[in-house]
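Participant: File query_4.csv below, CSV, C-alpha atoms and all ligand atoms:
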chain,number,residue,atom,x,y,z
A,82,MET,CA,-40.7,203.1,91.8
A,83,LEU,CA,-39.3,200.0,90.2
A,84,LYS,CA,-37.9,200.7,86.7
A,85,ASN,CA,-36.4,198.6,83.9
A,86,VAL,CA,-37.6,195.2,85.1
A,87,ARG,CA,-39.0,192.7,82.7
A,88,THR,CA,-41.6,190.5,84.4
A,89,GLY,CA,-41.2,186.9,83.4
A,90,SER,CA,-37.6,187.3,82.3
A,91,SER,CA,-35.9,188.5,85.4
A,92,THR,CA,-34.5,185.7,87.6
A,93,LEU,CA,-34.3,186.2,91.4
A,94,ALA,CA,-30.5,186.2,91.2
A,95,GLY,CA,-30.5,188.9,88.6
A,96,PHE,CA,-33.0,191.0,90.4
A,97,ILE,CA,-31.1,190.7,93.7
A,98,LEU,CA,-27.9,191.9,92.0
A,99,ALA,CA,-29.7,194.8,90.3
A,100,GLU,CA,-31.2,195.8,93.6
A,101,GLN,CA,-27.8,195.6,95.3
A,102,ARG,CA,-26.7,198.5,93.1
A,103,HIS,CA,-29.0,200.8,95.0
A,104,PHE,CA,-27.1,200.1,98.2
A,105,PRO,CA,-23.7,201.8,97.7
A,106,THR,CA,-22.1,200.3,100.8
A,107,ALA,CA,-23.4,196.8,99.9
A,108,THR,CA,-20.7,194.1,99.9
A,109,GLY,CA,-22.9,191.3,98.3
A,110,ASP,CA,-23.2,189.5,101.6
A,111,LEU,CA,-26.9,190.0,102.0
A,112,SER,CA,-27.5,189.2,98.3
A,113,LEU,CA,-25.7,185.8,98.8
A,114,ILE,CA,-27.8,185.0,101.9
A,115,LEU,CA,-31.0,185.7,100.0
A,116,GLU,CA,-29.9,183.5,97.1
A,117,GLN,CA,-29.1,180.7,99.6
A,118,ILE,CA,-32.5,181.0,101.2
A,119,ALA,CA,-34.0,180.7,97.7
A,120,PHE,CA,-31.8,177.5,97.2
A,121,ALA,CA,-33.2,176.0,100.4
A,122,ALA,CA,-36.7,177.0,99.3
A,123,LYS,CA,-36.3,175.1,96.1
A,124,ILE,CA,-35.3,171.9,98.0
A,125,ILE,CA,-38.2,172.4,100.5
A,126,SER,CA,-40.6,173.0,97.7
A,127,TRP,CA,-39.5,169.8,96.0
A,128,GLU,CA,-40.1,167.8,99.2
A,129,VAL,CA,-43.4,169.5,100.0
A,130,ASN,CA,-44.7,168.7,96.5
A,131,LYS,CA,-43.8,165.0,96.7
A,132,ALA,CA,-44.5,164.6,100.4
A,133,GLY,CA,-47.4,162.3,100.0
A,134,ILE,CA,-45.5,159.9,97.8
A,135,ALA,CA,-42.2,159.9,99.6
A,136,ASN,CA,-43.8,159.1,102.9
A,137,ILE,CA,-42.2,162.2,104.4
A,138,VAL,CA,-45.7,163.4,105.4
A,139,GLY,CA,-46.8,162.9,109.0
A,140,ALA,CA,-45.4,163.5,112.4
A,141,THR,CA,-42.1,162.5,113.8
A,142,HIS,CA,-42.0,161.1,117.3
A,143,SER,CA,-40.4,164.3,118.5
A,144,SER,CA,-41.8,167.7,119.5
A,145,ASN,CA,-40.4,171.2,119.2
A,146,VAL,CA,-39.7,173.7,121.9
A,147,HIS,CA,-43.4,174.5,122.2
A,148,GLY,CA,-44.4,170.9,122.8
A,149,GLU,CA,-45.9,170.8,119.3
A,150,THR,CA,-45.5,167.5,117.4
A,151,GLN,CA,-42.9,168.1,114.7
A,152,GLN,CA,-44.0,167.1,111.3
A,153,LYS,CA,-41.3,165.3,109.3
A,154,LEU,CA,-41.3,168.2,106.7
A,155,ASP,CA,-40.8,170.7,109.6
A,156,VAL,CA,-37.6,169.0,110.6
A,157,PHE,CA,-36.5,168.6,107.0
A,158,ALA,CA,-37.2,172.3,106.2
A,159,ASN,CA,-35.4,173.4,109.4
A,160,THR,CA,-32.3,171.4,108.5
A,161,LYS,CA,-32.3,172.7,104.9
A,162,MET,CA,-32.4,176.3,106.0
A,163,ILE,CA,-29.6,175.8,108.5
A,164,THR,CA,-27.3,173.9,106.2
A,165,ALA,CA,-27.9,176.4,103.3
A,166,LEU,CA,-26.7,179.3,105.5
A,167,ASP,CA,-24.4,178.1,108.3
A,168,HIS,CA,-21.2,177.8,106.2
A,169,LEU,CA,-21.3,181.1,104.3
A,170,GLY,CA,-19.3,183.1,106.8
A,171,LEU,CA,-21.9,185.8,106.6
A,172,LEU,CA,-24.1,185.0,109.6
A,173,CYS,CA,-23.2,185.1,113.3
A,174,GLY,CA,-26.3,183.3,114.6
A,175,MET,CA,-29.8,181.9,113.7
A,176,ALA,CA,-33.0,181.3,115.5
A,177,SER,CA,-35.8,179.0,114.4
A,178,GLU,CA,-39.3,178.1,115.6
A,179,GLU,CA,-38.0,174.5,115.7
A,180,ALA,CA,-35.1,175.2,118.1
A,181,GLU,CA,-35.3,176.3,121.7
A,182,GLY,CA,-32.2,178.3,121.8
A,183,ILE,CA,-30.2,180.2,119.2
A,184,ILE,CA,-28.5,178.1,116.6
A,185,PRO,CA,-24.8,178.9,116.6
A,186,ILE,CA,-22.6,178.9,113.6
A,187,PRO,CA,-20.3,175.8,113.8
A,188,ASP,CA,-16.8,176.7,115.0
A,189,LYS,CA,-15.3,175.5,111.8
A,190,TYR,CA,-17.0,178.2,109.8
A,191,PRO,CA,-16.2,182.0,109.9
A,192,LYS,CA,-18.8,184.3,111.4
A,193,GLY,CA,-20.4,187.3,109.6
A,194,LYS,CA,-22.5,190.3,110.5
A,195,TYR,CA,-26.0,189.0,109.9
A,196,ILE,CA,-28.6,187.4,112.1
A,197,ILE,CA,-31.5,185.4,110.7
A,198,VAL,CA,-34.7,184.3,112.4
A,199,PHE,CA,-37.1,181.9,110.6
A,200,ASP,CA,-40.1,179.7,110.8
A,201,PRO,CA,-39.0,176.9,108.4
A,202,LEU,CA,-42.4,175.6,107.7
A,203,ASP,CA,-45.3,177.5,109.1
A,204,GLY,CA,-48.8,175.9,109.0
A,205,SER,CA,-47.2,172.5,109.1
A,206,SER,CA,-50.3,171.0,110.7
A,207,ASN,CA,-51.9,171.4,107.3
A,208,ILE,CA,-49.3,169.3,105.5
A,209,ASP,CA,-51.3,166.1,105.8
A,210,VAL,CA,-54.3,167.7,104.2
A,211,ASN,CA,-52.4,169.2,101.3
A,212,VAL,CA,-53.1,172.8,102.3
A,213,ASN,CA,-50.6,175.6,101.4
A,214,ILE,CA,-47.7,176.1,103.9
A,215,GLY,CA,-44.8,178.5,104.1
A,216,THR,CA,-41.4,179.5,105.2
A,217,ILE,CA,-40.9,183.0,106.8
A,218,PHE,CA,-37.6,184.7,107.5
A,219,ALA,CA,-36.3,188.0,108.8
A,220,MET,CA,-32.7,189.3,108.9
A,221,PHE,CA,-30.9,191.8,111.2
A,222,LYS,CA,-27.4,193.0,111.5
A,223,LYS,CA,-25.5,192.2,114.7
A,224,PRO,CA,-26.2,195.3,116.8
A,225,SER,CA,-22.7,196.1,117.8
A,226,GLY,CA,-21.6,195.9,114.2
A,227,THR,CA,-18.7,193.6,115.1
A,228,VAL,CA,-18.5,190.0,113.9
A,229,GLY,CA,-18.2,187.0,116.2
A,230,GLU,CA,-20.9,184.7,117.7
A,231,ALA,CA,-24.3,186.3,118.2
A,232,VAL,CA,-25.6,186.3,121.8
A,233,PRO,CA,-29.3,186.0,122.6
A,234,GLN,CA,-29.6,189.8,123.2
A,235,ASP,CA,-28.5,190.4,119.7
A,236,PHE,CA,-31.7,188.8,118.4
A,237,LEU,CA,-34.1,191.0,120.4
A,238,GLN,CA,-34.3,193.9,117.9
A,239,CYS,CA,-37.5,195.6,116.9
A,240,GLY,CA,-38.7,195.3,113.3
A,241,ARG,CA,-37.6,198.8,112.4
A,242,SER,CA,-34.0,197.4,112.4
A,243,LEU,CA,-34.7,194.7,109.8
A,244,VAL,CA,-32.5,194.6,106.7
A,245,ALA,CA,-34.6,192.0,104.9
A,246,ALA,CA,-37.7,189.9,105.3
A,247,GLY,CA,-39.6,187.4,103.2
A,248,TYR,CA,-41.6,184.3,102.9
A,249,ILE,CA,-42.0,181.4,100.5
A,250,VAL,CA,-45.5,180.0,100.0
A,251,TYR,CA,-45.7,176.4,98.8
A,252,GLY,CA,-49.1,176.1,97.1
A,253,SER,CA,-50.4,175.6,93.5
A,254,SER,CA,-47.1,177.2,92.7
A,255,THR,CA,-44.1,178.1,94.9
A,256,MET,CA,-43.6,181.8,95.3
A,257,LEU,CA,-40.9,183.8,97.1
A,258,VAL,CA,-41.8,187.3,98.3
A,259,TYR,CA,-39.2,189.5,99.9
A,260,THR,CA,-38.2,193.1,100.7
A,261,THR,CA,-34.9,194.8,101.6
A,262,GLY,CA,-36.7,198.1,102.3
A,263,ARG,CA,-37.2,199.2,98.7
A,264,GLY,CA,-40.7,197.8,98.1
A,265,VAL,CA,-41.9,194.2,97.8
A,266,ASN,CA,-41.4,191.8,94.9
A,267,GLY,CA,-42.7,188.3,94.2
A,268,PHE,CA,-41.0,185.5,92.3
A,269,THR,CA,-42.6,182.3,91.1
A,270,LEU,CA,-40.6,179.1,90.8
A,271,ASP,CA,-40.4,177.7,87.3
A,272,PRO,CA,-39.7,174.1,88.1
A,273,SER,CA,-38.8,173.4,84.5
A,274,VAL,CA,-35.6,175.5,84.8
A,275,GLY,CA,-35.4,175.6,88.7
A,276,GLU,CA,-35.4,179.4,88.8
A,277,PHE,CA,-37.5,181.9,90.7
A,278,ILE,CA,-38.8,184.3,88.0
A,279,LEU,CA,-40.0,187.8,88.7
A,280,SER,CA,-43.8,187.5,88.5
A,281,HIS,CA,-45.1,190.2,90.9
A,282,PRO,CA,-43.0,193.4,90.7
A,283,ASP,CA,-43.6,196.2,93.2
A,284,MET,CA,-46.4,194.5,95.1
A,285,THR,CA,-48.7,196.9,96.9
A,286,ILE,CA,-51.7,195.9,99.1
A,287,PRO,CA,-55.0,197.8,98.4
A,288,GLU,CA,-55.6,200.5,101.0
A,289,THR,CA,-58.8,198.7,101.9
A,290,GLY,CA,-60.0,195.2,101.0
A,291,HIS,CA,-63.1,193.1,101.1
A,292,ILE,CA,-61.7,189.9,102.8
A,293,TYR,CA,-61.3,189.2,106.5
A,294,SER,CA,-59.4,186.2,107.7
A,295,VAL,CA,-59.9,185.0,111.3
A,296,ASN,CA,-60.8,181.8,113.1
A,297,GLU,CA,-64.3,182.8,114.2
A,298,ALA,CA,-64.5,179.7,116.4
A,299,ASN,CA,-62.6,181.8,118.9
A,300,PHE,CA,-65.3,184.6,118.9
A,301,SER,CA,-66.5,183.9,122.4
A,302,LYS,CA,-62.9,184.1,123.7
A,303,TRP,CA,-62.2,187.5,122.2
A,304,ASP,CA,-62.4,190.9,124.0
A,305,SER,CA,-65.4,193.2,123.1
A,306,ILE,CA,-63.3,195.4,120.8
A,307,THR,CA,-62.3,192.4,118.6
A,308,GLN,CA,-65.9,191.1,118.6
A,309,ALA,CA,-67.2,194.5,117.6
A,310,TYR,CA,-64.5,194.8,114.9
A,311,VAL,CA,-65.3,191.5,113.3
A,312,GLU,CA,-69.1,192.0,113.6
A,313,GLU,CA,-68.6,195.4,111.7
A,314,LEU,CA,-66.7,193.7,109.0
A,315,LYS,CA,-69.4,191.0,108.6
A,316,ASN,CA,-72.2,193.5,108.6
A,317,ASN,CA,-70.5,196.2,106.4
A,318,THR,CA,-73.2,197.1,103.9
A,319,GLU,CA,-71.1,199.6,101.9
A,320,THR,CA,-68.5,197.0,100.9
A,321,PRO,CA,-69.6,193.5,101.9
A,322,TYR,CA,-66.6,191.5,103.2
A,323,ILE,CA,-66.1,187.8,102.5
A,324,ALA,CA,-64.5,185.4,105.0
A,325,ARG,CA,-61.4,183.5,103.8
A,326,TYR,CA,-59.4,181.5,106.4
A,327,ILE,CA,-57.0,178.8,105.5
A,328,GLY,CA,-55.4,178.3,108.9
A,329,SER,CA,-52.0,178.8,107.4
A,330,LEU,CA,-50.6,182.2,108.2
A,331,VAL,CA,-48.4,182.6,105.1
A,332,ALA,CA,-51.2,181.5,102.7
A,333,ASP,CA,-53.8,183.8,104.4
A,334,PHE,CA,-51.4,186.7,104.4
A,335,HIS,CA,-50.3,186.2,100.8
A,336,ARG,CA,-53.9,186.2,99.5
A,337,ASN,CA,-54.7,189.4,101.4
A,338,LEU,CA,-51.4,191.0,100.2
A,339,LEU,CA,-52.5,190.4,96.6
A,340,LYS,CA,-56.3,191.1,97.0
A,341,GLY,CA,-56.5,193.4,100.0
A,342,GLY,CA,-58.1,192.7,103.3
A,343,VAL,CA,-57.2,192.0,106.9
A,344,PHE,CA,-55.9,188.9,108.8
A,345,LEU,CA,-56.2,188.8,112.5
A,346,TYR,CA,-55.2,186.4,115.2
A,347,PRO,CA,-56.1,188.4,118.2
A,348,ALA,CA,-55.4,187.6,121.8
A,349,ASP,CA,-58.1,185.5,123.4
A,350,THR,CA,-58.8,183.8,126.8
A,351,LYS,CA,-56.9,180.7,125.6
A,352,ASN,CA,-54.0,182.7,124.1
A,353,PRO,CA,-53.9,185.9,126.2
A,354,LYS,CA,-50.6,187.0,124.5
A,355,GLY,CA,-51.8,185.8,121.1
A,356,LYS,CA,-50.8,182.6,119.4
A,357,LEU,CA,-48.5,183.7,116.6
A,358,ARG,CA,-44.8,184.4,117.1
A,359,LEU,CA,-43.5,187.9,117.1
A,360,MET,CA,-39.9,187.5,115.9
A,361,TYR,CA,-40.3,185.0,113.0
A,362,GLU,CA,-43.9,185.4,112.0
A,363,ALA,CA,-45.4,188.8,112.9
A,364,ILE,CA,-42.3,191.0,112.4
A,365,PRO,CA,-41.3,189.8,109.0
A,366,LEU,CA,-44.8,189.9,107.6
A,367,ALA,CA,-45.4,193.3,109.2
A,368,TYR,CA,-42.2,194.6,107.5
A,369,ILE,CA,-43.4,193.2,104.1
A,370,CYS,CA,-46.9,194.6,104.7
A,371,GLU,CA,-45.7,198.1,105.5
A,372,GLN,CA,-43.3,198.1,102.6
A,373,ALA,CA,-46.4,197.2,100.4
A,374,GLY,CA,-48.4,200.1,101.9
A,375,GLY,CA,-50.3,198.2,104.6
A,376,ARG,CA,-50.1,198.1,108.3
A,377,ALA,CA,-49.7,195.6,111.1
A,378,ILE,CA,-50.5,196.0,114.8
A,379,ASP,CA,-50.8,193.9,118.0
A,380,GLY,CA,-54.1,195.7,118.7
A,381,LYS,CA,-52.5,198.7,120.2
A,382,ARG,CA,-48.9,199.2,118.8
A,383,ASP,CA,-47.3,198.8,115.4
A,384,ILE,CA,-45.7,195.4,115.3
A,385,LEU,CA,-42.5,196.9,114.0
A,386,ASP,CA,-42.1,199.1,117.1
A,387,ILE,CA,-42.2,196.2,119.6
A,388,ILE,CA,-38.8,195.3,121.1
A,389,PRO,CA,-39.0,191.5,121.8
A,390,ASP,CA,-38.3,190.2,125.2
A,391,ALA,CA,-37.7,186.6,124.0
A,392,ILE,CA,-37.1,184.9,120.7
A,393,HIS,CA,-40.2,182.7,120.9
A,394,GLN,CA,-42.5,185.5,122.3
A,395,ARG,CA,-46.1,185.4,121.1
A,396,THR,CA,-48.1,188.4,119.9
A,397,PRO,CA,-51.7,189.2,118.8
A,398,LEU,CA,-51.6,190.2,115.1
A,399,ILE,CA,-53.9,192.3,113.0
A,400,ILE,CA,-52.3,192.8,109.6
A,401,GLY,CA,-53.3,193.9,106.1
A,402,SER,CA,-54.9,196.8,104.2
A,403,LYS,CA,-54.0,200.1,106.0
A,404,ARG,CA,-57.6,201.4,106.4
A,405,ASP,CA,-58.9,198.0,107.6
A,406,VAL,CA,-56.2,197.7,110.2
A,407,GLU,CA,-56.6,201.3,111.3
A,408,ARG,CA,-60.4,200.8,111.8
A,409,TYR,CA,-59.4,198.4,114.6
A,410,LEU,CA,-57.5,201.3,116.3
A,411,GLN,CA,-60.4,203.6,115.7
A,412,ILE,CA,-62.9,201.3,117.4
A,413,THR,CA,-60.5,200.9,120.3
A,414,GLU,CA,-60.2,204.7,120.6
A,415,ASP,CA,-64.0,205.2,120.4
A,416,ASN,CA,-64.5,202.5,123.1
A,417,ARG,CA,-62.0,204.3,125.3
A,418,ALA,CA,-63.7,207.7,124.8
A,419,GLU,CA,-67.1,206.1,125.6
A,420,LYS,CA,-65.8,204.6,128.8
A,421,LYS,CA,-64.2,207.9,129.8
A,422,LYS,CA,-67.5,209.7,129.1
A,423,GLY,CA,-69.4,207.1,131.1
A,424,SER,CA,-67.0,207.4,134.0
A,425,LYS,CA,-67.5,211.2,134.2
A,426,LYS,CA,-71.3,210.7,134.5
A,427,THR,CA,-71.1,208.5,137.5
B,1,LIG,P1,-55.8,178.2,114.4
B,1,LIG,C1,-50.6,177.3,112.0
B,1,LIG,O1,-50.6,176.3,113.0
B,1,LIG,C2,-50.5,178.7,112.6
B,1,LIG,O2,-49.4,178.8,113.4
B,1,LIG,C3,-50.6,179.8,111.6
B,1,LIG,O3,-50.0,179.4,110.4
B,1,LIG,C4,-52.1,180.0,111.4
B,1,LIG,O4,-52.4,181.3,111.0
B,1,LIG,C5,-52.6,179.7,112.8
B,1,LIG,O5,-51.7,178.8,113.4
B,1,LIG,C6,-54.0,179.0,112.7
B,1,LIG,O6,-54.4,178.8,114.1
B,1,LIG,O7,-55.9,178.3,115.9
B,1,LIG,O8,-56.8,179.1,113.7
B,1,LIG,O9,-55.8,176.8,113.9
Translate the structure described by the file into structure tokens.
Facilitator:
Amino acid sequence: MLKNVRTGSSTLAGFILAEQRHFPTATGDLSLILEQIAFAAKIISWEVNKAGIANIVGATHSSNVHGETQQKLDVFANTKMITALDHLGLLCGMASEEAEGIIPIPDKYPKGKYIIVFDPLDGSSNIDVNVNIGTIFAMFKKPSGTVGEAVPQDFLQCGRSLVAAGYIVYGSSTMLVYTTGRGVNGFTLDPSVGEFILSHPDMTIPETGHIYSVNEANFSKWDSITQAYVEELKNNTETPYIARYIGSLVADFHRNLLKGGVFLYPADTKNPKGKLRLMYEAIPLAYICEQAGGRAIDGKRDILDIIPDAIHQRTPLIIGSKRDVERYLQITEDNRAEKKKGSKKT
């Protein structure tokens, strides 16, 4: 339980240092990386909030590794994250949605023991219509524990090995939410002083919610389990659910974290492995969600138990209030039992 914090008067830097005291072997490396991420977030927030004026909105003429047209802010945010971190001597490699391979630490800088994966600006297709977007990050230690350049295999760790995860949501205000394994805390940027201030201490997601977030235009592409699950949410007479879907993962997740509910981007016939990215979208949000008392699965397994095969691997994602997510597993189990019973009769 979080003690001795004063909401509204604790800066992110002060909070990070106070938290560090709970890790006796801490050297301060992770704390500095987190503060540099916050520094990059402030710069990205500034650009996002003036995008329409500075003509930084809109697409570049380039596309990322996935063939998606890169928005100018995508490229800007990616660059800011890299340059805020690459010279610290605390990281041995980075991976980003905006880069095909791993991003090496330049030779002129020392290497450290941490690895970071991030989506510099998720939901960027919403930039032009002024809808909330976000940055997502997750951090691991280099598996062998030695320093030196990270190799691709070093990135392919399951979420249970995470040392930190967080996101920044750029909306009506800019919020940074993160965990290092001792609960989840949220900080709101006060632009008048340029500081992230503790505004949401010890965030917990309600055990069950009344919000479901999914793109129902894909209904006909889902499997029968997913269709039955969403139909049940819509027709739940005990606690009527409402539909809220922004089409920006960080914004949809953040609302459900605060209010309770479930977000799902299931596999479908168009995206049989799911649309969202495992390493730098699902795993960090799953870590945060579990730390806040929720749950995150790919439809069968906990997201945090999945060992990635590739940095840009996609996954189905069902994430949010524990009981809402577990209902999906229950429907899956019931369906399996029905089929088994049916097969015995024939
Ligand atoms: P759809 C944004 O492009 C994104 O990657 C996530 O932020 C968001 O949750 C999802 O895709 C929206 O996808 O197919 O519903 O537009």
Participant: Would you pick out the contacts of Ile387 in chain A at 12 Å or less, using all atoms listed in the file, so that residues sharing its chain but fewer than 3 positions from it are not included, and give the list as a PDB file with C-alpha atoms, keeping the file's coordinate frame?
Facilitator:
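Output file part13.pdb is given in full below:
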ATOM      1  CA  LEU A 237     -34.100 191.000 120.400  1.00  0.00           C
ATOM      2  CA  GLN A 238     -34.300 193.900 117.900  1.00  0.00           C
ATOM      3  CA  CYS A 239     -37.500 195.600 116.900  1.00  0.00           C
ATOM      4  CA  GLY A 240     -38.700 195.300 113.300  1.00  0.00           C
ATOM      5  CA  ARG A 241     -37.600 198.800 112.400  1.00  0.00           C
ATOM      6  CA  SER A 242     -34.000 197.400 112.400  1.00  0.00           C
ATOM      7  CA  LEU A 359     -43.500 187.900 117.100  1.00  0.00           C
ATOM      8  CA  MET A 360     -39.900 187.500 115.900  1.00  0.00           C
ATOM      9  CA  ALA A 363     -45.400 188.800 112.900  1.00  0.00           C
ATOM     10  CA  ILE A 364     -42.300 191.000 112.400  1.00  0.00           C
ATOM     11  CA  ALA A 367     -45.400 193.300 109.200  1.00  0.00           C
ATOM     12  CA  ALA A 377     -49.700 195.600 111.100  1.00  0.00           C
ATOM     13  CA  ILE A 378     -50.500 196.000 114.800  1.00  0.00           C
ATOM     14  CA  ASP A 379     -50.800 193.900 118.000  1.00  0.00           C
ATOM     15  CA  GLY A 380     -54.100 195.700 118.700  1.00  0.00           C
ATOM     16  CA  LYS A 381     -52.500 198.700 120.200  1.00  0.00           C
ATOM     17  CA  ARG A 382     -48.900 199.200 118.800  1.00  0.00           C
ATOM     18  CA  ASP A 383     -47.300 198.800 115.400  1.00  0.00           C
ATOM     19  CA  ILE A 384     -45.700 195.400 115.300  1.00  0.00           C
ATOM     20  CA  ASP A 390     -38.300 190.200 125.200  1.00  0.00           C
ATOM     21  CA  ALA A 391     -37.700 186.600 124.000  1.00  0.00           C
ATOM     22  CA  GLN A 394     -42.500 185.500 122.300  1.00  0.00           C
ATOM     23  CA  ARG A 395     -46.100 185.400 121.100  1.00  0.00           C
ATOM     24  CA  THR A 396     -48.100 188.400 119.900  1.00  0.00           C
ATOM     25  CA  PRO A 397     -51.700 189.200 118.800  1.00  0.00           C
TER      26      PRO A 397
END
Participant: At what distance in Å, to one decimal, does CA of Ile184 in chain A lie from CA of Glu128 in chain A?
Facilitator: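 A separation of 23.3 Å between them.
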Participant: Kindly work out which residues sit at most 9 Å from ligand LIG 1 (chain B), using only C-alpha atoms and all ligand atoms, and give the list as an MDAnalysis selection string.
Facilitator: chainID A and resid 202:207 214:215 295:299 326:334 344:346 356:358 362
Participant: Would you export the selected residues with C-alpha atoms as a short mmCIF file (atom, residue, chain, number, x, y, z; two decimals), in the coordinates of the input, please?
Facilitator:
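Below is the file that was written, result39.cif:
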data_model
loop_
_atom_site.label_atom_id
_atom_site.label_comp_id
_atom_site.auth_asym_id
_atom_site.auth_seq_id
_atom_site.Cartn_x
_atom_site.Cartn_y
_atom_site.Cartn_z
CA LEU A 202 -42.40 175.60 107.70
CA ASP A 203 -45.30 177.50 109.10
CA GLY A 204 -48.80 175.90 109.00
CA SER A 205 -47.20 172.50 109.10
CA SER A 206 -50.30 171.00 110.70
CA ASN A 207 -51.90 171.40 107.30
CA ILE A 214 -47.70 176.10 103.90
CA GLY A 215 -44.80 178.50 104.10
CA VAL A 295 -59.90 185.00 111.30
CA ASN A 296 -60.80 181.80 113.10
CA GLU A 297 -64.30 182.80 114.20
CA ALA A 298 -64.50 179.70 116.40
CA ASN A 299 -62.60 181.80 118.90
CA TYR A 326 -59.40 181.50 106.40
CA ILE A 327 -57.00 178.80 105.50
CA GLY A 328 -55.40 178.30 108.90
CA SER A 329 -52.00 178.80 107.40
CA LEU A 330 -50.60 182.20 108.20
CA VAL A 331 -48.40 182.60 105.10
CA ALA A 332 -51.20 181.50 102.70
CA ASP A 333 -53.80 183.80 104.40
CA PHE A 334 -51.40 186.70 104.40
CA PHE A 344 -55.90 188.90 108.80
CA LEU A 345 -56.20 188.80 112.50
CA TYR A 346 -55.20 186.40 115.20
CA LYS A 356 -50.80 182.60 119.40
CA LEU A 357 -48.50 183.70 116.60
CA ARG A 358 -44.80 184.40 117.10
CA GLU A 362 -43.90 185.40 112.00
#
Participant: At a cut-off of 8 Å, using only C-alpha atoms, what residues contact Ala121 in chain A? Leave out same-chain residues fewer than 4 positions from it and give the result as a PyMOL selection string.
Facilitator: chain A and resi 117+125+158+161-162+165
Participant: Atoms to include: C-alpha atoms. Write the selected residues as a PDB file, keeping the file's coordinate frame.
Facilitator:
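Output file selection-v3.pdb follows:
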ATOM      1  CA  GLN A 117     -29.100 180.700  99.600  1.00  0.00           C
ATOM      2  CA  ILE A 125     -38.200 172.400 100.500  1.00  0.00           C
ATOM      3  CA  ALA A 158     -37.200 172.300 106.200  1.00  0.00           C
ATOM      4  CA  LYS A 161     -32.300 172.700 104.900  1.00  0.00           C
ATOM      5  CA  MET A 162     -32.400 176.300 106.000  1.00  0.00           C
ATOM      6  CA  ALA A 165     -27.900 176.400 103.300  1.00  0.00           C
TER       7      ALA A 165
END
Participant: Identify which of the residues A:Gly262, A:Thr164, A:Leu279, A:Tyr310 lies closest to Ile412 in chain A, counting all atoms listed in the file when measuring atom-to-atom distances.
Facilitator: A:Tyr310
Participant: Env of Lys222 in chain A: 6 Å cut, atoms = all atoms listed in the file, seq-sep filter 5 positions within chain, self excluded. Answer as a PyMOL selection string.
Facilitator: chain A and resi 194-196
Participant: Check the smallest atom-to-atom distance from each of A:Leu169, A:Val250, A:Leu366, A:Ile286 to Ala219 in chain A using all atoms listed in the file, then report the winner.
Facilitator: A:Leu366
Participant: What lies within 8 Å of range 166-168 of chain A using only C-alpha atoms, ignoring chain neighbours under 2 positions off, as a count of residues only?
Facilitator: 12
Participant: Using only C-alpha atoms, which residue out of A:Leu115, A:Ile124, A:Ile392, A:Ala99 lies closest to Met220 in chain A?
Facilitator: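 Counting only C-alpha atoms, the residue closest to Met220 in chain A is A:Leu115.
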Participant: Report the distance between CA of Phe218 in chain A and CA of Lys189 in chain A in Å, rounded to one decimal place.
Facilitator: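 Separating CA of Phe218 in chain A from CA of Lys189 in chain A is a distance of 24.5 Å.
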Participant: Go through A:Gly148, A:Gly193, A:Pro201, A:Gly401 one by one, measure the shortest atom-to-atom distance of each to Ala231 in chain A using all atoms listed in the file, and give the residue with the smallest value.
Facilitator: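 Among the listed residues, A:Gly193 lies closest to Ala231 in chain A.
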Participant: So what do you get for CA of Pro347 in chain A versus CA of Thr285 in chain A, distance-wise?
Facilitator: 24.1 Å
Participant: For Glu149 in chain A, please output as a PDB file with C-alpha atoms, keeping the file's coordinate frame all residues within 12 Å (counting only C-alpha atoms; exclusion window: fewer than 5 positions along the same chain).
Facilitator:
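Output (around.pdb):
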ATOM      1  CA  ALA A 140     -45.400 163.500 112.400  1.00  0.00           C
ATOM      2  CA  THR A 141     -42.100 162.500 113.800  1.00  0.00           C
ATOM      3  CA  HIS A 142     -42.000 161.100 117.300  1.00  0.00           C
ATOM      4  CA  SER A 143     -40.400 164.300 118.500  1.00  0.00           C
ATOM      5  CA  SER A 144     -41.800 167.700 119.500  1.00  0.00           C
ATOM      6  CA  ASP A 155     -40.800 170.700 109.600  1.00  0.00           C
ATOM      7  CA  GLU A 178     -39.300 178.100 115.600  1.00  0.00           C
ATOM      8  CA  GLU A 179     -38.000 174.500 115.700  1.00  0.00           C
ATOM      9  CA  ALA A 180     -35.100 175.200 118.100  1.00  0.00           C
ATOM     10  CA  GLY A 204     -48.800 175.900 109.000  1.00  0.00           C
ATOM     11  CA  SER A 205     -47.200 172.500 109.100  1.00  0.00           C
ATOM     12  CA  SER A 206     -50.300 171.000 110.700  1.00  0.00           C
TER      13      SER A 206
END
Participant: Would you please work out which residue, of A:Phe221, A:Gly267, A:Val129, A:Phe277, is nearest to Ser253 in chain A when using all atoms listed in the file?
Facilitator: A:Val129
Participant: Of the candidates A:Gly290, A:Pro224, A:Gly247, A:Pro233, which shows the shortest atom-to-atom distance to Phe199 in chain A, using all atoms listed in the file?
Facilitator: A:Gly247
